[in-house]
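Structure file protein-v9.cif with mmCIF, C-alpha atoms and all ligand atoms:
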```cif
data_run
#
loop_
_atom_site.label_atom_id
_atom_site.label_comp_id
_atom_site.auth_asym_id
_atom_site.auth_seq_id
_atom_site.Cartn_x
_atom_site.Cartn_y
_atom_site.Cartn_z
CA MET A 331 14.03 -17.33 -18.94
CA THR A 332 10.37 -16.67 -19.81
CA PRO A 333 8.71 -13.44 -18.56
CA ASP A 334 6.39 -15.55 -16.34
CA ALA A 335 9.30 -17.39 -14.73
CA THR A 336 11.08 -14.05 -14.20
CA TYR A 337 7.94 -12.62 -12.53
CA GLN A 338 7.70 -15.63 -10.18
CA LEU A 339 11.31 -15.00 -9.12
CA LEU A 340 10.59 -11.26 -8.68
CA ARG A 341 7.78 -12.20 -6.29
CA ASN A 342 10.44 -13.15 -3.76
CA PHE A 343 11.03 -9.41 -3.35
CA THR A 344 7.47 -8.61 -2.24
CA SER A 345 7.08 -7.01 1.16
CA PRO A 346 4.67 -7.77 4.00
CA VAL A 347 1.08 -7.00 3.08
CA VAL A 348 0.42 -3.49 4.38
CA ALA A 349 -2.66 -1.28 4.59
CA ILE A 350 -2.01 2.30 3.46
CA THR A 351 -4.42 5.03 4.47
CA SER A 352 -4.70 8.62 3.29
CA GLU A 353 -6.77 11.77 3.73
CA ARG A 354 -7.41 14.63 1.30
CA GLY A 355 -9.85 17.48 1.84
CA GLY A 356 -11.78 15.56 4.50
CA LYS A 357 -12.10 12.34 2.47
CA THR A 358 -10.35 9.29 3.90
CA ASN A 359 -9.34 6.10 2.09
CA GLY A 360 -7.29 2.94 2.40
CA MET A 361 -5.63 0.45 0.06
CA ILE A 362 -3.40 -2.62 0.27
CA SER A 363 0.18 -2.96 -0.93
CA ASP A 364 2.92 -5.56 -0.97
CA SER A 365 5.64 -3.25 -2.28
CA ALA A 366 6.66 -1.44 0.92
CA VAL A 367 10.33 -1.36 1.86
CA ARG A 368 12.37 -0.05 4.77
CA ALA A 369 14.22 2.87 3.20
CA SER A 370 16.65 3.91 5.94
CA ILE A 371 19.09 2.12 8.24
CA VAL A 372 19.33 5.11 10.59
CA PRO A 373 17.24 4.53 13.75
CA THR A 374 16.83 8.27 14.26
CA ILE A 375 15.72 8.84 10.63
CA PRO A 376 13.19 6.03 10.03
CA ARG A 377 11.95 5.89 6.43
CA LEU A 378 9.65 3.72 4.34
CA SER A 379 9.00 3.59 0.61
CA VAL A 380 6.14 2.14 -1.41
CA PHE A 381 5.11 1.84 -5.09
CA ILE A 382 1.54 2.93 -5.78
CA HIS A 383 -0.11 2.57 -9.18
CA LYS A 384 -1.49 5.71 -10.78
CA PHE A 385 -4.92 4.14 -11.41
CA ASN A 386 -5.57 3.84 -7.66
CA LEU A 387 -7.49 6.65 -5.95
CA SER A 388 -4.94 6.46 -3.13
CA HIS A 389 -2.19 7.52 -5.55
CA ASP A 390 -3.64 10.98 -6.12
CA MET A 391 -4.75 11.39 -2.49
CA ILE A 392 -1.23 10.62 -1.27
CA PHE A 393 0.49 12.70 -3.97
CA GLU A 394 -1.68 15.72 -3.25
CA SER A 395 -1.67 15.48 0.56
CA GLY A 396 2.01 14.52 0.96
CA ARG A 397 1.34 11.94 3.67
CA PHE A 398 0.15 8.41 4.31
CA VAL A 399 -0.06 5.89 7.13
CA MET A 400 1.43 2.45 6.56
CA HIS A 401 0.13 -0.46 8.67
CA LEU A 402 1.72 -3.86 9.16
CA LEU A 403 -1.19 -6.30 9.44
CA ARG A 404 -1.56 -9.41 11.58
CA GLN A 405 -1.86 -12.81 9.94
CA ASP A 406 -5.55 -12.98 10.90
CA GLN A 407 -6.52 -9.69 9.15
CA PHE A 408 -7.71 -11.12 5.82
CA ASP A 409 -10.94 -9.10 6.10
CA VAL A 410 -9.01 -5.78 6.05
CA ILE A 411 -7.18 -6.86 2.89
CA HIS A 412 -10.46 -7.77 1.22
CA ARG A 413 -12.16 -4.49 2.19
CA LEU A 414 -9.31 -2.19 1.15
CA GLY A 415 -7.48 -4.09 -1.59
CA PHE A 416 -10.21 -5.53 -3.82
CA VAL A 417 -12.29 -2.45 -4.63
CA SER A 418 -11.55 1.25 -5.16
CA GLY A 419 -12.51 4.02 -2.75
CA ARG A 420 -14.02 5.76 -5.78
CA THR A 421 -17.08 3.52 -5.41
CA ARG A 422 -17.53 3.44 -1.61
CA ASP A 423 -16.25 4.62 1.76
CA LYS A 424 -13.99 1.66 2.44
CA LEU A 425 -13.01 2.75 5.95
CA ALA A 426 -16.66 2.94 7.11
CA GLY A 427 -16.52 -0.56 8.61
CA VAL A 428 -12.90 -0.42 9.76
CA PRO A 429 -12.31 1.15 13.22
CA HIS A 430 -9.87 4.04 12.90
CA HIS A 431 -8.97 7.47 14.27
CA ALA A 432 -7.15 10.51 12.92
CA GLY A 433 -3.40 10.30 13.40
CA ARG A 434 -0.98 13.07 14.28
CA LEU A 435 -0.52 14.03 10.61
CA GLY A 436 -4.27 13.94 9.95
CA ALA A 437 -4.50 10.70 7.94
CA PRO A 438 -6.46 7.77 9.43
CA VAL A 439 -4.75 5.25 11.73
CA LEU A 440 -6.40 1.82 11.85
CA ASP A 441 -7.13 0.77 15.44
CA GLU A 442 -6.50 -2.90 14.63
CA CYS A 443 -3.12 -3.72 13.08
CA TYR A 444 0.28 -5.08 14.09
CA ALA A 445 1.88 -1.63 13.92
CA HIS A 446 1.35 1.70 12.18
CA PHE A 447 3.78 4.27 10.75
CA GLU A 448 2.63 7.81 9.99
CA CYS A 449 4.72 9.15 7.11
CA ARG A 450 5.40 12.54 5.60
CA ILE A 451 6.60 12.30 1.99
CA VAL A 452 10.08 13.67 1.38
CA ASN A 453 10.61 12.48 -2.20
CA ALA A 454 8.92 10.68 -5.08
CA MET A 455 10.04 8.80 -8.19
CA ASP A 456 7.97 8.19 -11.31
CA THR A 457 8.02 4.70 -12.85
CA GLY A 458 5.61 5.56 -15.67
CA SER A 459 2.78 3.41 -14.27
CA SER A 460 3.28 4.13 -10.58
CA THR A 461 4.99 6.47 -8.15
CA CYS A 462 7.51 5.35 -5.55
CA PHE A 463 6.94 7.50 -2.47
CA LEU A 464 9.69 7.98 0.11
CA GLY A 465 8.28 8.79 3.54
CA ASP A 466 9.86 10.06 6.75
CA VAL A 467 8.21 8.20 9.64
CA ALA A 468 6.84 10.84 12.00
CA GLN A 469 4.92 8.63 14.44
CA VAL A 470 4.90 4.90 15.23
CA GLY A 471 2.61 2.73 17.33
CA HIS A 472 1.17 -0.73 17.82
CA GLY A 473 -2.43 -1.67 17.15
CA ALA A 474 -4.99 -2.00 19.95
CA ALA A 475 -4.59 -5.74 20.55
CA THR A 476 -1.06 -5.44 21.92
CA ALA A 477 -1.36 -8.58 24.07
CA ALA A 478 -2.10 -10.83 21.08
CA ARG A 479 0.01 -9.33 18.30
CA GLY A 480 0.84 -12.64 16.61
CA GLU A 481 2.68 -12.84 13.30
CA ILE A 482 2.65 -10.27 10.50
CA MET A 483 0.87 -10.93 7.19
CA THR A 484 3.41 -11.61 4.46
CA ALA A 485 2.56 -11.57 0.74
CA ALA A 486 3.43 -15.27 0.46
CA TYR A 487 1.18 -16.14 3.42
CA PHE A 488 -1.67 -14.10 1.94
CA ARG A 489 -1.39 -15.73 -1.49
CA ALA A 490 -1.23 -19.23 0.00
CA ASN A 491 -4.10 -18.77 2.48
CA MET A 492 -6.61 -16.30 1.01
CA PRO A 493 -10.18 -17.68 0.87
CA ALA A 494 -10.61 -19.68 -2.36
CA GLU A 495 -13.55 -17.54 -3.52
CA TRP A 496 -11.35 -14.39 -3.59
CA ARG A 497 -8.66 -15.86 -5.84
CA LYS A 498 -10.36 -15.31 -9.22
CA VAL A 499 -10.92 -11.59 -8.57
CA TYR A 500 -7.40 -11.21 -7.12
CA GLU A 501 -5.87 -12.73 -10.28
CA GLU A 502 -8.10 -10.62 -12.59
CA HIS A 503 -7.02 -7.42 -10.80
CA LEU A 504 -3.39 -8.46 -11.05
CA VAL A 505 -3.64 -9.09 -14.81
CA ALA A 506 -5.40 -5.72 -15.32
CA ALA A 507 -2.71 -3.93 -13.30
CA GLN A 508 0.02 -5.69 -15.29
CA ARG A 509 -1.60 -4.54 -18.58
CA PHE A 510 -1.83 -0.95 -17.33
CA ALA A 511 1.82 -1.07 -16.21
CA GLU A 512 2.98 -2.64 -19.49
CA GLU A 513 1.46 0.24 -21.46
CA ARG A 514 2.98 2.99 -19.32
CA SER A 515 6.20 1.74 -17.75
CA ARG A 516 8.46 3.26 -20.39
CA ASP A 517 6.96 6.76 -20.11
CA ILE A 518 8.99 7.92 -17.11
CA ARG A 519 8.73 11.60 -16.18
CA PRO A 520 11.02 13.45 -13.80
CA VAL A 521 9.34 14.36 -10.51
CA VAL A 522 10.53 17.28 -8.42
CA TRP A 523 8.92 16.67 -5.06
CA ARG A 524 7.49 19.72 -3.37
CA GLU A 525 5.68 19.49 -0.06
CA PRO A 526 2.00 20.34 -0.68
CA ARG A 527 0.82 23.58 0.88
C1 LIG B 601 -2.12 -8.38 -1.74
C2 LIG B 601 -2.30 -7.10 -2.53
C3 LIG B 601 -1.18 -6.34 -2.83
C4 LIG B 601 -1.29 -5.14 -3.55
N1 LIG B 601 -0.17 -4.39 -3.80
C5 LIG B 601 -0.29 -3.19 -4.43
C6 LIG B 601 0.86 -2.35 -4.61
O1 LIG B 601 1.97 -2.67 -4.20
N2 LIG B 601 0.68 -1.15 -5.25
C7 LIG B 601 -0.55 -0.73 -5.71
O2 LIG B 601 -0.66 0.36 -6.27
N3 LIG B 601 -1.66 -1.51 -5.54
C8 LIG B 601 -1.56 -2.71 -4.89
N4 LIG B 601 -2.66 -3.49 -4.68
C9 LIG B 601 -3.96 -3.05 -5.26
C10 LIG B 601 -4.70 -1.98 -4.47
O3 LIG B 601 -4.74 -2.26 -3.09
C11 LIG B 601 -6.14 -1.91 -5.02
O4 LIG B 601 -6.09 -1.54 -6.40
C12 LIG B 601 -7.06 -1.00 -4.25
O5 LIG B 601 -8.40 -1.31 -4.61
C13 LIG B 601 -6.80 0.48 -4.51
O6 LIG B 601 -7.81 1.24 -3.86
P1 LIG B 601 -8.06 2.81 -4.12
O7 LIG B 601 -8.47 2.97 -5.57
O8 LIG B 601 -9.18 3.11 -3.18
O9 LIG B 601 -6.79 3.50 -3.80
C14 LIG B 601 -2.57 -4.69 -3.96
C15 LIG B 601 -3.72 -5.45 -3.63
C16 LIG B 601 -3.58 -6.64 -2.93
C17 LIG B 601 -4.82 -7.43 -2.58
#
```
Represent the structure from my file as structure tokens, please.
Amino acid sequence: MTPDATYQLLRNFTSPVVAITSERGGKTNGMISDSAVRASIVPTIPRLSVFIHKFNLSHDMIFESGRFVMHLLRQDQFDVIHRLGFVSGRTRDKLAGVPHHAGRLGAPVLDECYAHFECRIVNAMDTGSSTCFLGDVAQVGHGAATAARGEIMTAAYFRANMPAEWRKVYEEHLVAAQRFAEERSRDIRPVVWREPR
């Protein structure tokens, strides 16, 4: 099978589209991911994992703070994906126009979402180009619009329904990320996770 055909099959494993927020030294940020996975079947030990590329600002903020907030988004939250997932927080304060408040662990919780999960990192795995973070869920809640929660945003729904004018940039970012990953994926380093002080 060709690498492209393999990648199209791999896309069946993508997760819902989630917004991931972080805080480090007073600076807040948010990004978008479709690689989040439930990482525990124990109701009393809820866990989530996510792969975050090393070129994203969020990567270092999460690694150095040891926490993040993962948000399931509603199907009508395209604007949040565009604000957080198409540009880096290195160039602007991406959360400035997105209503949020500080969560129990200190990282920002978006007021509008389907549900949010505040996570404390308990382990990490290097992939060369990204880090897979394993988080213990410390706090869970629904977004403000509880009466009209609707459906969650899946990766397939996002790809099929994103505004046409976003598609070119989305594809360019994907190709750039794939190049970065291709160069670094074989350089895997062991990570011994220590909770930041
Ligand atoms: C639908 C979608 C899915 C994405 N999935 C991931 C992902 O799983 N991991 C990742 O590192 N970046 C992912 N990204 C890219 C980041 O959200 C993007 O690079 C963002 O601008 C990073 O912002 P930051 O530099 O402020 O952290 C995704 C973007 C979109 C639009």
| field | Cut-off 7 Å, only C-alpha atoms and all ligand atoms, neighbours of ligand LIG 601 (chain B) as a ChimeraX atom specification | value | /A:347,359-365,380-383,385-389,411-412,414-420,460,485,488,500
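Here CA of Ser515 in chain A is placed at a distance of 22.4 Å from CA of Leu378 in chain A.
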| Å distance separating CA of Glu525 in chain A from CA of Gln469 in chain A, one decimal place | 18.1 Å
| said: Measuring between all atoms listed in the file, which one of A:Thr351, A:Asn491, A:Ser459, A:Asn342 shows the shortest distance to Gln407 in chain A? | reply: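 Going through A:Thr351, A:Asn491, A:Ser459, A:Asn342 one by one, the smallest distance to Gln407 in chain A is for A:Asn491.
Atom to atom, CA of Phe408 in chain A and CA of Ala349 in chain A stand 11.1 Å apart.
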| Which residue gives the smallest distance to Ala366 in chain A among A:Leu402, A:Ile482, A:Ala454, A:Ala506, with only C-alpha atoms counted? | A:Leu402
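All residues of protein, DNA or RNA that reach within 7 Å of Cys443 in chain A, judged by only C-alpha atoms and not counting those fewer than 2 positions away in the chain, are His401, Leu402, Leu403, Arg404, Leu440, Asp441, Ala445 and Gly473 of chain A.
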| Skipping near chain neighbours, those fewer than 5 positions away, what residues fall within 7 Å of range 395-398 of chain A using only C-alpha atoms, listed as number ranges by chain? | A: 350-352, 354, 437, 448-451, 525-526
| request: Find, counting all atoms listed in the file, the residue in A:Asp406, A:Lys424, A:His503, A:Ala369 that gets nearest to Cys462 in chain A. | output: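 Looking only at the distances to Cys462 in chain A, the closest residue turns out to be A:Ala369.
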